[in-house]
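Everything below belongs to input31.cif, which stores mmCIF, C-alpha atoms.
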data_upload
loop_
_atom_site.label_atom_id
_atom_site.label_comp_id
_atom_site.auth_asym_id
_atom_site.auth_seq_id
_atom_site.Cartn_x
_atom_site.Cartn_y
_atom_site.Cartn_z
CA MET I 1 85.47 83.51 104.39
CA LYS I 2 87.83 80.77 103.25
CA LYS I 3 88.33 80.27 99.51
CA LYS I 4 89.89 77.07 98.25
CA ILE I 5 91.99 77.24 95.10
CA ALA I 6 93.49 74.25 93.30
CA PHE I 7 96.62 74.90 91.27
CA VAL I 8 96.69 72.03 88.80
CA ILE I 9 100.05 71.61 87.11
CA LYS I 10 99.89 69.62 83.87
CA SER I 11 102.89 71.07 82.01
CA LEU I 12 106.43 69.76 81.72
CA PRO I 13 109.13 71.72 83.54
CA TYR I 14 111.85 73.95 82.10
CA ASN I 15 111.14 74.68 78.42
CA ARG I 16 108.53 77.15 79.54
CA GLU I 17 107.87 78.81 82.85
CA THR I 18 104.30 77.49 83.10
CA SER I 19 104.71 74.86 85.79
CA ARG I 20 107.07 77.05 87.80
CA LEU I 21 104.54 79.89 87.69
CA GLY I 22 101.80 77.59 88.93
CA LEU I 23 103.82 76.55 91.92
CA THR I 24 104.98 80.10 92.59
CA HIS I 25 101.39 81.32 92.59
CA ALA I 26 100.40 78.55 94.97
CA ILE I 27 103.25 79.38 97.37
CA ALA I 28 102.35 83.06 97.17
CA SER I 29 98.73 82.24 97.94
CA GLN I 30 99.85 80.38 101.03
CA SER I 31 102.21 83.14 102.12
CA VAL I 32 100.54 86.49 101.39
CA ASP I 33 97.03 87.88 101.14
CA VAL I 34 97.42 90.85 98.82
CA TYR I 35 94.49 90.02 96.59
CA LEU I 36 91.97 89.09 99.25
CA ASP I 37 89.11 91.08 100.59
CA GLU I 38 89.50 91.89 104.23
CA GLY I 39 88.83 88.83 106.34
CA ASP I 40 89.08 86.40 103.45
CA MET I 41 91.52 83.55 103.57
CA ILE I 42 92.92 81.39 100.81
CA GLU I 43 93.49 77.67 101.13
CA PRO I 44 95.65 76.60 98.18
CA VAL I 45 96.29 73.05 97.09
CA VAL I 46 98.66 71.88 94.37
CA CYS I 47 97.97 68.90 92.12
CA PHE I 48 100.39 67.45 89.58
CA ILE I 49 98.69 65.52 86.80
CA GLY I 50 99.56 64.28 83.30
CA ASP I 51 102.98 65.36 82.06
CA GLY I 52 103.10 67.64 85.10
CA VAL I 53 104.14 64.74 87.34
CA LEU I 54 107.56 64.89 85.67
CA ASN I 55 108.16 68.14 87.60
CA CYS I 56 108.38 65.94 90.68
CA LEU I 57 111.37 63.80 89.71
CA LYS I 58 114.18 63.60 92.26
CA ASP I 59 117.80 64.60 91.64
CA GLN I 60 117.14 67.43 89.18
CA GLN I 61 120.48 69.17 88.62
CA CYS I 62 119.29 72.43 87.17
CA MET I 63 121.48 74.53 89.46
CA LYS I 64 124.59 72.61 88.42
CA HIS I 65 124.06 73.01 84.70
CA TYR I 66 122.01 76.21 84.28
CA ASN I 67 122.47 78.04 87.60
CA ASN I 68 118.74 78.01 88.20
CA THR I 69 116.62 76.48 90.94
CA SER I 70 115.07 73.16 90.02
CA MET I 71 111.39 72.34 90.19
CA GLU I 72 112.40 69.77 92.79
CA THR I 73 113.66 72.60 95.03
CA HIS I 74 110.53 74.60 94.31
CA ILE I 75 108.33 71.68 95.39
CA LYS I 76 110.37 71.31 98.58
CA ASN I 77 109.83 75.01 99.29
CA ALA I 78 106.11 74.45 98.82
CA LEU I 79 106.20 71.67 101.42
CA LEU I 80 108.22 73.91 103.72
CA VAL I 81 105.37 76.45 103.78
CA ASP I 82 102.92 73.59 104.45
CA LEU I 83 101.27 73.55 101.04
CA GLN I 84 99.17 70.48 100.40
CA VAL I 85 100.64 68.74 97.35
CA TYR I 86 99.05 65.83 95.50
CA ILE I 87 100.68 63.85 92.70
CA CYS I 88 98.66 61.62 90.39
CA LYS I 89 99.47 57.95 90.92
CA GLU I 90 98.25 56.76 87.51
CA ASP I 91 100.40 59.31 85.68
CA ILE I 92 103.50 58.34 87.65
CA GLU I 93 102.90 54.72 86.71
CA ARG I 94 102.22 55.66 83.09
CA PHE I 95 105.77 56.97 82.89
CA GLY I 96 107.19 53.83 84.50
CA LEU I 97 108.12 55.68 87.67
CA THR I 98 107.73 54.67 91.31
CA LYS I 99 107.37 56.56 94.58
CA ASP I 100 111.15 56.32 95.01
CA ASP I 101 111.65 58.45 91.88
CA ILE I 102 109.40 61.23 93.16
CA VAL I 103 109.90 64.11 95.61
CA THR I 104 107.50 63.58 98.47
CA ASP I 105 109.25 65.26 101.39
CA ALA I 106 111.70 68.00 102.30
CA GLN I 107 112.79 66.97 105.76
CA GLU I 108 116.35 68.16 105.07
CA ILE I 109 115.10 71.76 105.03
CA GLY I 110 112.75 71.28 107.95
CA ALA I 111 109.46 70.66 106.19
CA ASP I 112 106.88 68.58 108.00
CA LYS I 113 104.45 68.34 105.11
CA ILE I 114 104.51 65.31 102.84
CA ALA I 115 103.41 65.30 99.21
CA GLU I 116 100.84 62.58 98.66
CA ILE I 117 100.72 60.26 95.67
CA VAL I 118 97.02 59.67 95.10
CA PRO I 119 94.70 58.17 92.47
CA PHE I 120 93.23 60.60 89.96
CA ASP I 121 89.81 60.09 91.55
CA LYS I 122 91.11 61.86 94.65
CA ILE I 123 92.35 64.77 92.55
CA GLN I 124 89.02 64.81 90.72
CA GLY I 125 87.34 65.14 94.10
CA ILE I 126 89.61 68.02 95.07
CA MET I 127 88.83 69.81 91.80
CA GLU I 128 85.12 69.45 92.51
CA GLU I 129 85.50 70.63 96.09
CA VAL I 130 87.51 73.84 95.55
CA ASP I 131 86.05 77.26 94.75
CA HIS I 132 88.50 78.02 91.93
CA LEU I 133 90.61 75.96 89.55
CA GLN I 134 93.78 77.21 87.93
CA PHE I 135 95.55 75.11 85.31
CA PHE I 136 99.21 75.60 84.48
CA MET G 1 121.31 66.02 52.64
CA LYS G 2 122.98 65.32 55.97
CA ILE G 3 120.88 66.85 58.73
CA ILE G 4 121.31 67.00 62.45
CA SER G 5 118.11 67.99 64.22
CA PHE G 6 117.69 69.31 67.72
CA LEU G 7 114.41 68.17 69.26
CA SER G 8 113.44 70.19 72.33
CA HIS G 9 109.79 69.16 72.79
CA TYR G 10 108.20 65.98 74.01
CA ARG G 11 104.72 66.17 72.54
CA HIS G 12 105.34 67.66 69.12
CA GLY G 13 108.01 68.13 66.49
CA ALA G 14 108.70 64.46 65.87
CA ASP G 15 106.17 64.29 63.02
CA ILE G 16 108.27 66.67 60.96
CA LEU G 17 111.16 64.24 61.08
CA GLU G 18 108.98 61.63 59.36
CA ARG G 19 108.59 63.87 56.32
CA ILE G 20 112.09 65.16 55.72
CA LYS G 21 114.19 63.08 53.33
CA THR G 22 117.83 62.78 54.30
CA THR G 23 120.88 60.75 53.39
CA LYS G 24 122.03 60.96 56.99
CA LEU G 25 119.98 62.00 59.99
CA GLY G 26 121.01 62.68 63.55
CA ILE G 27 118.57 63.62 66.28
CA VAL G 28 119.80 65.45 69.34
CA PHE G 29 117.42 65.40 72.28
CA VAL G 30 117.69 68.61 74.25
CA GLY G 31 115.40 70.52 76.60
CA ASN G 32 112.13 68.66 77.13
CA GLY G 33 113.01 66.40 74.20
CA ILE G 34 114.95 64.54 76.88
CA TYR G 35 111.72 62.84 78.00
CA HIS G 36 111.85 60.81 74.78
CA VAL G 37 114.89 59.02 76.19
CA GLY G 38 114.19 59.27 79.93
CA VAL G 39 110.72 57.79 80.37
CA SER G 40 108.80 54.87 78.91
CA GLU G 41 105.19 55.95 78.60
CA ASN G 42 102.76 53.06 79.19
CA GLY G 43 105.75 50.75 79.30
CA LYS G 44 106.90 51.63 75.80
CA PRO G 45 109.93 53.71 74.81
CA SER G 46 109.31 56.68 72.53
CA PRO G 47 108.38 55.39 69.03
CA LEU G 48 110.79 57.98 67.67
CA LEU G 49 113.64 55.76 68.82
CA ASP G 50 112.42 52.99 66.50
CA LYS G 51 113.26 55.13 63.50
CA LYS G 52 115.80 53.30 61.33
CA ASP G 53 119.13 54.65 60.11
CA VAL G 54 119.15 57.51 62.60
CA SER G 55 121.85 58.41 65.08
CA PHE G 56 120.39 59.50 68.41
CA TYR G 57 122.13 61.81 70.84
CA ALA G 58 121.04 63.45 74.11
CA LEU G 59 122.61 66.42 75.86
CA ILE G 60 124.08 65.36 79.20
CA ASP G 61 123.33 68.70 80.87
CA ASP G 62 119.64 68.43 80.03
CA ILE G 63 119.45 64.77 81.06
CA GLU G 64 120.74 65.58 84.51
CA THR G 65 118.78 68.82 84.82
CA ARG G 66 115.55 66.82 84.56
CA GLY G 67 116.52 64.30 87.21
CA PHE G 68 117.59 61.42 84.99
CA LYS G 69 120.81 59.46 85.23
CA ILE G 70 123.01 59.19 82.15
CA GLU G 71 123.29 55.43 82.61
CA GLY G 72 119.50 55.16 82.78
CA ILE G 73 118.60 56.55 79.36
CA ASP G 74 117.67 54.39 76.38
CA LYS G 75 120.70 52.46 75.14
CA ARG G 76 120.08 53.53 71.53
CA VAL G 77 120.96 57.07 72.51
CA LYS G 78 124.47 58.43 72.95
CA PRO G 79 124.89 61.00 75.76
CA VAL G 80 126.87 64.00 74.51
CA SER G 81 128.37 67.15 75.97
CA TYR G 82 128.23 70.60 74.39
CA GLU G 83 131.75 70.02 73.08
CA ASP G 84 130.67 66.75 71.45
CA LEU G 85 127.80 68.57 69.78
CA VAL G 86 130.13 71.12 68.21
CA ASP G 87 132.21 68.29 66.78
CA LEU G 88 129.12 66.56 65.39
CA ILE G 89 127.78 69.71 63.77
CA PHE G 90 131.05 70.65 62.13
CA ASN G 91 132.37 67.23 61.20
CA GLU G 92 129.44 64.94 60.41
CA TYR G 93 126.45 66.95 59.19
CA GLU G 94 125.78 69.62 56.58
CA LYS G 95 122.72 71.34 58.00
CA VAL G 96 121.28 71.94 61.45
CA ILE G 97 117.58 72.28 62.24
CA TRP G 98 115.73 72.85 65.50
CA LEU G 99 112.27 71.40 66.12
#
Translate the structure of the given file into structure tokens.
Amino acid sequence: MKKKIAFVIKSLPYNRETSRLGLTHAIASQSVDVYLDEGDMIEPVVCFIGDGVLNCLKDQQCMKHYNNTSMETHIKNALLVDLQVYICKEDIERFGLTKDDIVTDAQEIGADKIAEIVPFDKIQGIMEEVDHLQFF
Amino acid sequence: MKIISFLSHYRHGADILERIKTTKLGIVFVGNGIYHVGVSENGKPSPLLDKKDVSFYALIDDIETRGFKIEGIDKRVKPVSYEDLVDLIFNEYEKVIWL
């Protein structure tokens, strides 16, 4: 049986580990099956909404200043393992940002998957469609 | 009272600054406080930056960590290094608070 889980990231990056944990759990769900019953499969999807869209800014220099991986890198790793990533269009616009400011691909590390910037209605639909919702 | 205040949150903490009476106030945006100077929500800069008679600073390391460019932050805010902060704390203010 296939279970769909949406990992909805609404928290800002860095001050707390919340958003990083959400993405880590999603990547883990894509990569391993330790908590599944035999034969079950997980189909994770990641959605960034609200303040959470600020995790997706390009050119984060966390490694340079704090010797830690950035959320930008983490998102690229998610794309590398073919996670479906959605980013809320209205929230990006609310912060005065454009698609050019946002991480949507990771071709430089060989990822084929593209993060999609979508209206909140689409994310609403995903939240209704999945079996489980996890907010971070 | 000359206070320099570190502000490391985006959604809370700023209200406290409205209540404290000071003769000189500096606000240093660090951590996620950086979003006050990096984004304009609904087309408007953070209302905190409209506060009069306040010196605003933002830590360069935290600006760049979050993906912003130093030249792109609000012009009312002075980008500062850790070394600059030490000078500010020791030379220009009497007390330090963290919100």
- Task: For the file shown, report as a PyMOL selection string the outcome of the PyMOL selection byres ((chain I) within 7 of (chain G)) at residue level.
- Result: chain I and resi 15+57-62+65+94-96
- For each of I:Asp37, I:Asp82, I:Asp91, I:Glu128, take the minimum atom-to-atom distance to I:Lys4, counting only C-alpha atoms, then give the residue where this is smallest.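 Comparing I:Asp37, I:Asp82, I:Asp91, I:Glu128 against I:Lys4, the winner is I:Glu128.
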- Message: What does the structure give for the distance between atom CA of I:Val46 and atom CA of I:Ala26, in Å to one decimal?
- Response: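 So the answer is 6.9 Å.
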- Identify all residues satisfying the PyMOL selection byres ((chain G and resi 74) around 9) in the given file; provide them as a list in words. His36, Val37, Gly38, Val39, Pro45, Leu49, Glu71, Gly72, Ile73, Lys75, Arg76, Val77 and Lys78 of chain G
Write out the residues from the selection above, keeping C-alpha atoms, as a short mmCIF file (atom, residue, chain, number, x, y, z; two decimals), keeping the file's coordinate frame.
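File again.cif, as written:
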data_model
loop_
_atom_site.label_atom_id
_atom_site.label_comp_id
_atom_site.auth_asym_id
_atom_site.auth_seq_id
_atom_site.Cartn_x
_atom_site.Cartn_y
_atom_site.Cartn_z
CA HIS G 36 111.85 60.81 74.78
CA VAL G 37 114.89 59.02 76.19
CA GLY G 38 114.19 59.27 79.93
CA VAL G 39 110.72 57.79 80.37
CA PRO G 45 109.93 53.71 74.81
CA LEU G 49 113.64 55.76 68.82
CA GLU G 71 123.29 55.43 82.61
CA GLY G 72 119.50 55.16 82.78
CA ILE G 73 118.60 56.55 79.36
CA LYS G 75 120.70 52.46 75.14
CA ARG G 76 120.08 53.53 71.53
CA VAL G 77 120.96 57.07 72.51
CA LYS G 78 124.47 58.43 72.95
#
- Message: Report, in Å with one decimal, the straight-line distance from atom CA of I:Ser70 to atom CA of I:Ser19.
- Response: 11.3 Å
- For the atom pair atom CA of G:Arg19 and atom CA of I:Gly50, what is the interatomic distance in Å to one decimal place?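 Distance reported for this atom pair: 28.5 Å.
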- Query: Can you tell me, as an MDAnalysis selection string, what residues are no more than 12 Å from G:Ile20 when counting only C-alpha atoms, ignoring any on the same chain fewer than 6 positions away?
  - Reply: chainID G and resid 1:5 13:14 97
I'd like a table as JSON lines: residues in stretch 15-89 of chain I with an atom no more than 12 Å from stretch 115-124 of chain I, each row giving the shortest atom pair and its distance in Å to one decimal, all atoms listed in the file counted, sorted by chain and rising residue number.
{"residue": "I:Val45", "atom": "CA", "partner": "I:Ile123", "partner_atom": "CA", "distance": 10.2}
{"residue": "I:Val46", "atom": "CA", "partner": "I:Ala115", "partner_atom": "CA", "distance": 9.4}
{"residue": "I:Cys47", "atom": "CA", "partner": "I:Ile123", "partner_atom": "CA", "distance": 7.0}
{"residue": "I:Phe48", "atom": "CA", "partner": "I:Ile123", "partner_atom": "CA", "distance": 9.0}
{"residue": "I:Ile49", "atom": "CA", "partner": "I:Phe120", "partner_atom": "CA", "distance": 8.0}
{"residue": "I:Gly50", "atom": "CA", "partner": "I:Phe120", "partner_atom": "CA", "distance": 9.9}
{"residue": "I:Val53", "atom": "CA", "partner": "I:Ile117", "partner_atom": "CA", "distance": 10.1}
{"residue": "I:Cys56", "atom": "CA", "partner": "I:Ala115", "partner_atom": "CA", "distance": 9.9}
{"residue": "I:Glu72", "atom": "CA", "partner": "I:Ala115", "partner_atom": "CA", "distance": 11.9}
{"residue": "I:Ile75", "atom": "CA", "partner": "I:Ala115", "partner_atom": "CA", "distance": 8.9}
{"residue": "I:Lys76", "atom": "CA", "partner": "I:Ala115", "partner_atom": "CA", "distance": 9.2}
{"residue": "I:Asn77", "atom": "CA", "partner": "I:Ala115", "partner_atom": "CA", "distance": 11.6}
{"residue": "I:Ala78", "atom": "CA", "partner": "I:Ala115", "partner_atom": "CA", "distance": 9.5}
{"residue": "I:Leu79", "atom": "CA", "partner": "I:Ala115", "partner_atom": "CA", "distance": 7.3}
{"residue": "I:Leu80", "atom": "CA", "partner": "I:Ala115", "partner_atom": "CA", "distance": 10.8}
{"residue": "I:Asp82", "atom": "CA", "partner": "I:Ala115", "partner_atom": "CA", "distance": 9.8}
{"residue": "I:Leu83", "atom": "CA", "partner": "I:Ala115", "partner_atom": "CA", "distance": 8.7}
{"residue": "I:Gln84", "atom": "CA", "partner": "I:Ala115", "partner_atom": "CA", "distance": 6.8}
{"residue": "I:Val85", "atom": "CA", "partner": "I:Ala115", "partner_atom": "CA", "distance": 4.8}
{"residue": "I:Tyr86", "atom": "CA", "partner": "I:Glu116", "partner_atom": "CA", "distance": 4.9}
{"residue": "I:Ile87", "atom": "CA", "partner": "I:Ile117", "partner_atom": "CA", "distance": 4.7}
{"residue": "I:Cys88", "atom": "CA", "partner": "I:Val118", "partner_atom": "CA", "distance": 5.4}
{"residue": "I:Lys89", "atom": "CA", "partner": "I:Pro119", "partner_atom": "CA", "distance": 5.0}
Include C-alpha atoms and write out the residues we just selected as a tab-separated table (two decimals), in the frame of the given file.
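Output (selection-v8.tsv):
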chain	number	residue	atom	x	y	z
I	45	VAL	CA	96.29	73.05	97.09
I	46	VAL	CA	98.66	71.88	94.37
I	47	CYS	CA	97.97	68.90	92.12
I	48	PHE	CA	100.39	67.45	89.58
I	49	ILE	CA	98.69	65.52	86.80
I	50	GLY	CA	99.56	64.28	83.30
I	53	VAL	CA	104.14	64.74	87.34
I	56	CYS	CA	108.38	65.94	90.68
I	72	GLU	CA	112.40	69.77	92.79
I	75	ILE	CA	108.33	71.68	95.39
I	76	LYS	CA	110.37	71.31	98.58
I	77	ASN	CA	109.83	75.01	99.29
I	78	ALA	CA	106.11	74.45	98.82
I	79	LEU	CA	106.20	71.67	101.42
I	80	LEU	CA	108.22	73.91	103.72
I	82	ASP	CA	102.92	73.59	104.45
I	83	LEU	CA	101.27	73.55	101.04
I	84	GLN	CA	99.17	70.48	100.40
I	85	VAL	CA	100.64	68.74	97.35
I	86	TYR	CA	99.05	65.83	95.50
I	87	ILE	CA	100.68	63.85	92.70
I	88	CYS	CA	98.66	61.62	90.39
I	89	LYS	CA	99.47	57.95	90.92
Please enumerate the residues selected by the PyMOL selection byres ((chain I and resi 44) around 12) when evaluated against the supplied file, formatted as a PDB file with C-alpha atoms, in the frame of the given file.
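For reference, selection27.pdb as written:
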ATOM      1  CA  LYS I   2      87.830  80.770 103.250  1.00  0.00           C
ATOM      2  CA  LYS I   3      88.330  80.270  99.510  1.00  0.00           C
ATOM      3  CA  LYS I   4      89.890  77.070  98.250  1.00  0.00           C
ATOM      4  CA  ILE I   5      91.990  77.240  95.100  1.00  0.00           C
ATOM      5  CA  ALA I   6      93.490  74.250  93.300  1.00  0.00           C
ATOM      6  CA  PHE I   7      96.620  74.900  91.270  1.00  0.00           C
ATOM      7  CA  VAL I   8      96.690  72.030  88.800  1.00  0.00           C
ATOM      8  CA  GLY I  22     101.800  77.590  88.930  1.00  0.00           C
ATOM      9  CA  LEU I  23     103.820  76.550  91.920  1.00  0.00           C
ATOM     10  CA  THR I  24     104.980  80.100  92.590  1.00  0.00           C
ATOM     11  CA  HIS I  25     101.390  81.320  92.590  1.00  0.00           C
ATOM     12  CA  ALA I  26     100.400  78.550  94.970  1.00  0.00           C
ATOM     13  CA  ILE I  27     103.250  79.380  97.370  1.00  0.00           C
ATOM     14  CA  ALA I  28     102.350  83.060  97.170  1.00  0.00           C
ATOM     15  CA  SER I  29      98.730  82.240  97.940  1.00  0.00           C
ATOM     16  CA  GLN I  30      99.850  80.380 101.030  1.00  0.00           C
ATOM     17  CA  SER I  31     102.210  83.140 102.120  1.00  0.00           C
ATOM     18  CA  VAL I  32     100.540  86.490 101.390  1.00  0.00           C
ATOM     19  CA  ASP I  33      97.030  87.880 101.140  1.00  0.00           C
ATOM     20  CA  MET I  41      91.520  83.550 103.570  1.00  0.00           C
ATOM     21  CA  ILE I  42      92.920  81.390 100.810  1.00  0.00           C
ATOM     22  CA  GLU I  43      93.490  77.670 101.130  1.00  0.00           C
ATOM     23  CA  VAL I  45      96.290  73.050  97.090  1.00  0.00           C
ATOM     24  CA  VAL I  46      98.660  71.880  94.370  1.00  0.00           C
ATOM     25  CA  CYS I  47      97.970  68.900  92.120  1.00  0.00           C
ATOM     26  CA  ALA I  78     106.110  74.450  98.820  1.00  0.00           C
ATOM     27  CA  VAL I  81     105.370  76.450 103.780  1.00  0.00           C
ATOM     28  CA  ASP I  82     102.920  73.590 104.450  1.00  0.00           C
ATOM     29  CA  LEU I  83     101.270  73.550 101.040  1.00  0.00           C
ATOM     30  CA  GLN I  84      99.170  70.480 100.400  1.00  0.00           C
ATOM     31  CA  VAL I  85     100.640  68.740  97.350  1.00  0.00           C
ATOM     32  CA  TYR I  86      99.050  65.830  95.500  1.00  0.00           C
ATOM     33  CA  ILE I 126      89.610  68.020  95.070  1.00  0.00           C
ATOM     34  CA  MET I 127      88.830  69.810  91.800  1.00  0.00           C
ATOM     35  CA  GLU I 129      85.500  70.630  96.090  1.00  0.00           C
ATOM     36  CA  VAL I 130      87.510  73.840  95.550  1.00  0.00           C
ATOM     37  CA  ASP I 131      86.050  77.260  94.750  1.00  0.00           C
ATOM     38  CA  HIS I 132      88.500  78.020  91.930  1.00  0.00           C
ATOM     39  CA  LEU I 133      90.610  75.960  89.550  1.00  0.00           C
ATOM     40  CA  GLN I 134      93.780  77.210  87.930  1.00  0.00           C
TER      41      GLN I 134
END
Centre and edge lengths of an axis-aligned box around all listed atoms of stretch 70-86 of chain G, with 6 Å added on each side, are to be given in Å to one decimal, as JSON.
{"center_x": 124.7, "center_y": 61.8, "center_z": 75.5, "size_x": 26.1, "size_y": 30.7, "size_z": 26.6}
